[in-house]
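Chemist: Got a structure for you, questions after.
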Amino acid sequence: MAEKFDKYYEYFSKSSRSRGIRAGRLINLGIVKINLGDSSIGIGFRRSGKTLASGIIEGENVNIKDPPNDVKAVKGKYVYVEGGDLDVVEGKEITLVNVRIRKVIGKRITMTNSYAESIEAEESKLMNTNASLAVVNRGTFINCNIDTLEYKESYKVINTMVKNIRQVDDYG
């Protein structure tokens, strides 16, 4: 670990000098930024993806922490959202933490400490999440409250309250 740090420190201090910045003041390791000037460490996610004028963030890999209020939809292949109030999230693999959302559509959905009106997924894993409607092929629900669960293949509940459970066939 120390060897990697030395490698990054050397790289960033050399690149800082070439740009006319005082050498070795900030080391940016992606999620972790180390500021040697005031001895602080910052941990956070950068917003990635392209923001469209209509309040939609779109991209292949979208990572957002606390999206602005004007962003209401996120679309991407791999989506990670932490915090916020959204209308729609669509993607192949979606991870939502502390999010209030109207509709989530994806192949694999993982939600923690969130609320959703509607979830549509092939595979879902919900932890400490409330949902009005969950439509899944396979799902695992831990410490959740779900009004209506519709499943095709299987589901597993642990310490979860489900009001209505219905198995649906492939024909709707």
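All residue names refer to the structure tokens as shown: chains lettered A, B, ... in order, residues numbered from 1 in each chain, ligands numbered from 1 in order.
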Stretch 118-120 of chain A: which residues within 6 Å, counting only C-alpha atoms, same-chain residues fewer than 4 positions away excluded, as a VMD selection string?

Modeler: chain A and resid 103 to 105 133 to 136

Chemist: Limited to C-alpha atoms, could you put the picked residues into a file as a short mmCIF file (atom, residue, chain, number, x, y, z; two decimals), in the first residue's frame?

Modeler:
data_model
loop_
_atom_site.label_atom_id
_atom_site.label_comp_id
_atom_site.auth_asym_id
_atom_site.auth_seq_id
_atom_site.Cartn_x
_atom_site.Cartn_y
_atom_site.Cartn_z
CA LYS A 103 -39.88 4.24 -10.57
CA VAL A 104 -36.81 1.98 -10.94
CA ILE A 105 -36.33 -0.26 -13.97
CA LEU A 133 -45.03 -2.22 -5.90
CA ALA A 134 -42.18 -4.62 -6.63
CA VAL A 135 -42.29 -6.71 -9.83
CA VAL A 136 -39.35 -9.12 -9.93
#

Chemist: Which neighbours of A:Arg100 fall inside 12 Å, counting only C-alpha atoms, when residues of the same chain fewer than 4 positions from it are skipped, and could you give them as a PyMOL selection string?

Modeler: chain A and resi 66-67+72+81-89+96+104+111-118+129-131

Chemist: Leaving out stretch 141-150 of chain A and any residue of its chain fewer than 6 positions from it, which residues lie within 7 Å of it when counting only C-alpha atoms, given as an MDAnalysis selection string?

Modeler: chainID A and resid 125:135 156:168

Chemist: Mind giving me the straight-line distance from atom CA of A:Asn98 to atom CA of A:Lys65 in Å, one decimal?

Modeler: 10.1 Å

Chemist: Name the residues of stretch 66-137 of chain A that fall into strand (DSSP E or B) according to DSSP on the backbone, using the chain letters and numbers of this document, as a ChimeraX atom specification.

Modeler: /A:73-82,85-97,100-112,115-127,130-137

Chemist: Which distance in Å separates atom CA of A:Lys152 and atom CA of A:Ala73, to one decimal?

Modeler: 27.2 Å

Chemist: List as JSON, numbers by chain the protein and nucleic acid residues near A:Lys92, meaning an atom at most 12 Å away when only C-alpha atoms are counted, but skip any in the same chain fewer than 5 places from it.

Modeler: {"A": [59, 60, 61, 62, 74, 75, 76, 77, 78, 79, 80, 104, 105, 106, 107, 108, 109, 110, 120, 121, 122, 123, 124]}
